[in-house]
Amino acid sequence: MNQVVRQYYPEQYCSLCHVYAIVGSNLISIVLGRVYRPVAGLAAVDCGGGQLMRMMDNDAFANPAGGAYHCWIESADDLIAEREVVDLTFRHNHTYAVKNGYGWQRELPPAFLWGPHSRIAVQAPPDAIPDAFPDGTVWLHETDEGWQWMTQQLLAHQNAFVALTAEALKLFQASLPPDSTLLGQPAASAAGAASDQDRLGASQRSMSALST
């Protein structure tokens with residue numbers, strides 16, 4: 001999926017967390033047969049050396065020019081006991097930090113975070129965020145304004161997100177071993193049988209479910 005986003009947005013990719021969240025939640029939902037949703041709100045990232053990169057501008061969701069906020073993915077079904085958090089842009093934290101005047105003083109971050117909310121998200125209210133985080137964690141807080149903005153994005157740019165999801169799904173399918181049944185049938189036969197329209201239809205249904 002990272003390949004698809006960077007192909008279309010080679011300069012902006014590290015600032016497009018909402019694209020990763022929307023397309024990523026679609027892709028994960030389709031592949032795993034579960035329900036994941038894109039989430040928008042506030043975040044803080046530990047850059048090391050006592051620096052916290054705070055993306056805490058809740059007013060940015062009403063500002064056409066944007067601002068400092070973050071988007072990620074959460075599970076939205078009850079198939080597991082605890083909500084999962086997925087942050088597909090974690091790999092870009094050091095790049096985004098440097099572009100915004102922070103000196104990155106930690107090891108390079110992993111490509112993504114995925115796990116139970118209690119393990120991935122730093123547990124603290126907005127007015128008591130700690131000065132440093134354990135490796136592989138991030139502070140996250142969904143807001144009503146973020147939810148409304150994300151819903152608007154889904155509705156306003158649905159066709160673009162469907163097309164990106166279809167392309168990401170095609171690349172993912174091509175990366176599977178020929179005998180993989182992860183998508184319900186062997187990858188080799190599925191690649192020949194599933195048309196682009198089929199993929200678009202699956203993505204459309206997934207996105208419609210997430211935006212209701």
# chains A, B, ... in the order shown; residues from 1 in each chain; ligands from 1

call {"tool": "residues_around", "arguments": {"residues": "stretch 79-84 of chain A", "least_positions_apart": "2", "cutoff": "6 Å", "atoms": "only C-alpha atoms", "output": "short mmCIF file (atom, residue, chain, number, x, y, z; two decimals) with C-alpha atoms, in the first residue's frame"}}
result
data_model
loop_
_atom_site.label_atom_id
_atom_site.label_comp_id
_atom_site.auth_asym_id
_atom_site.auth_seq_id
_atom_site.Cartn_x
_atom_site.Cartn_y
_atom_site.Cartn_z
CA GLU A 74 -8.85 0.82 14.53
CA SER A 75 -10.77 -2.44 14.51
CA ASP A 77 -15.87 -5.40 15.26
CA GLY A 115 -1.58 -4.45 18.04
CA PRO A 116 -3.94 -4.12 20.99
CA HIS A 117 -4.80 -0.56 21.97
#

call {"tool": "closest_atom_pairs", "arguments": {"of": "stretch 144-178 of chain A", "to": "stretch 28-52 of chain A", "cutoff": "8 Å", "atoms": "only C-alpha atoms", "output": "CSV"}}
result
residue,atom,partner,partner_atom,distance
A:Glu145,CA,A:Gly41,CA,7.6
A:Gly146,CA,A:Ala40,CA,4.6
A:Trp147,CA,A:Ala40,CA,5.9
A:Trp149,CA,A:Ala40,CA,7.7
A:Met150,CA,A:Ala40,CA,6.3

call {"tool": "write_last_selection", "arguments": {"atoms": "N, CA and C atoms", "output": "short mmCIF file (atom, residue, chain, number, x, y, z; two decimals), in the first residue's frame"}}
result
data_model
loop_
_atom_site.label_atom_id
_atom_site.label_comp_id
_atom_site.auth_asym_id
_atom_site.auth_seq_id
_atom_site.Cartn_x
_atom_site.Cartn_y
_atom_site.Cartn_z
N GLU A 145 -14.58 16.21 16.20
CA GLU A 145 -14.25 16.98 15.00
C GLU A 145 -13.50 16.11 13.98
N GLY A 146 -12.62 15.27 14.49
CA GLY A 146 -11.90 14.36 13.61
C GLY A 146 -12.82 13.35 12.95
N TRP A 147 -13.77 12.83 13.71
CA TRP A 147 -14.73 11.86 13.16
C TRP A 147 -15.56 12.51 12.05
N TRP A 149 -14.77 15.12 10.22
CA TRP A 149 -13.89 15.41 9.07
C TRP A 149 -13.61 14.15 8.27
N MET A 150 -13.34 13.04 8.96
CA MET A 150 -13.05 11.80 8.27
C MET A 150 -14.27 11.34 7.46
#

call {"tool": "closest_residue", "arguments": {"among": "A:Phe90, A:Phe172, A:Trp104, A:Phe161", "to": "A:Thr137", "atoms": "only C-alpha atoms"}}
result
A:Phe90

call {"tool": "closest_residue", "arguments": {"among": "A:Ser15, A:Ala76, A:Asp127, A:Thr165", "to": "A:Arg91", "atoms": "only C-alpha atoms"}}
result
A:Ser15

call {"tool": "residues_around", "arguments": {"residues": "A:Trp139", "least_positions_apart": "5", "cutoff": "12 Å", "atoms": "only C-alpha atoms", "output": "PyMOL selection string"}}
result
chain A and resi 41-46+52-56+69-72+85+87+90+117-134

call {"tool": "select_by_dssp", "arguments": {"residues": "stretch 71-140 of chain A", "states": "alpha helix (DSSP H)", "output": "compact mmCIF listing (two decimals) with C-alpha atoms, in the first residue's frame"}}
result
# COMPACT_ATOMS: atom_id res chain seq x y z
CA ASN A 93 7.58 9.83 11.70
CA HIS A 94 11.25 10.73 11.44
CA THR A 95 10.79 12.31 7.99
CA TYR A 96 7.73 14.27 9.08
CA ALA A 97 9.48 15.36 12.28
CA VAL A 98 12.53 16.72 10.44
CA LYS A 99 10.32 18.55 7.94
CA HIS A 117 -4.80 -0.56 21.97
CA SER A 118 -3.32 -1.06 25.44
CA ARG A 119 0.07 -1.97 23.94
CA ILE A 120 0.26 0.52 21.05
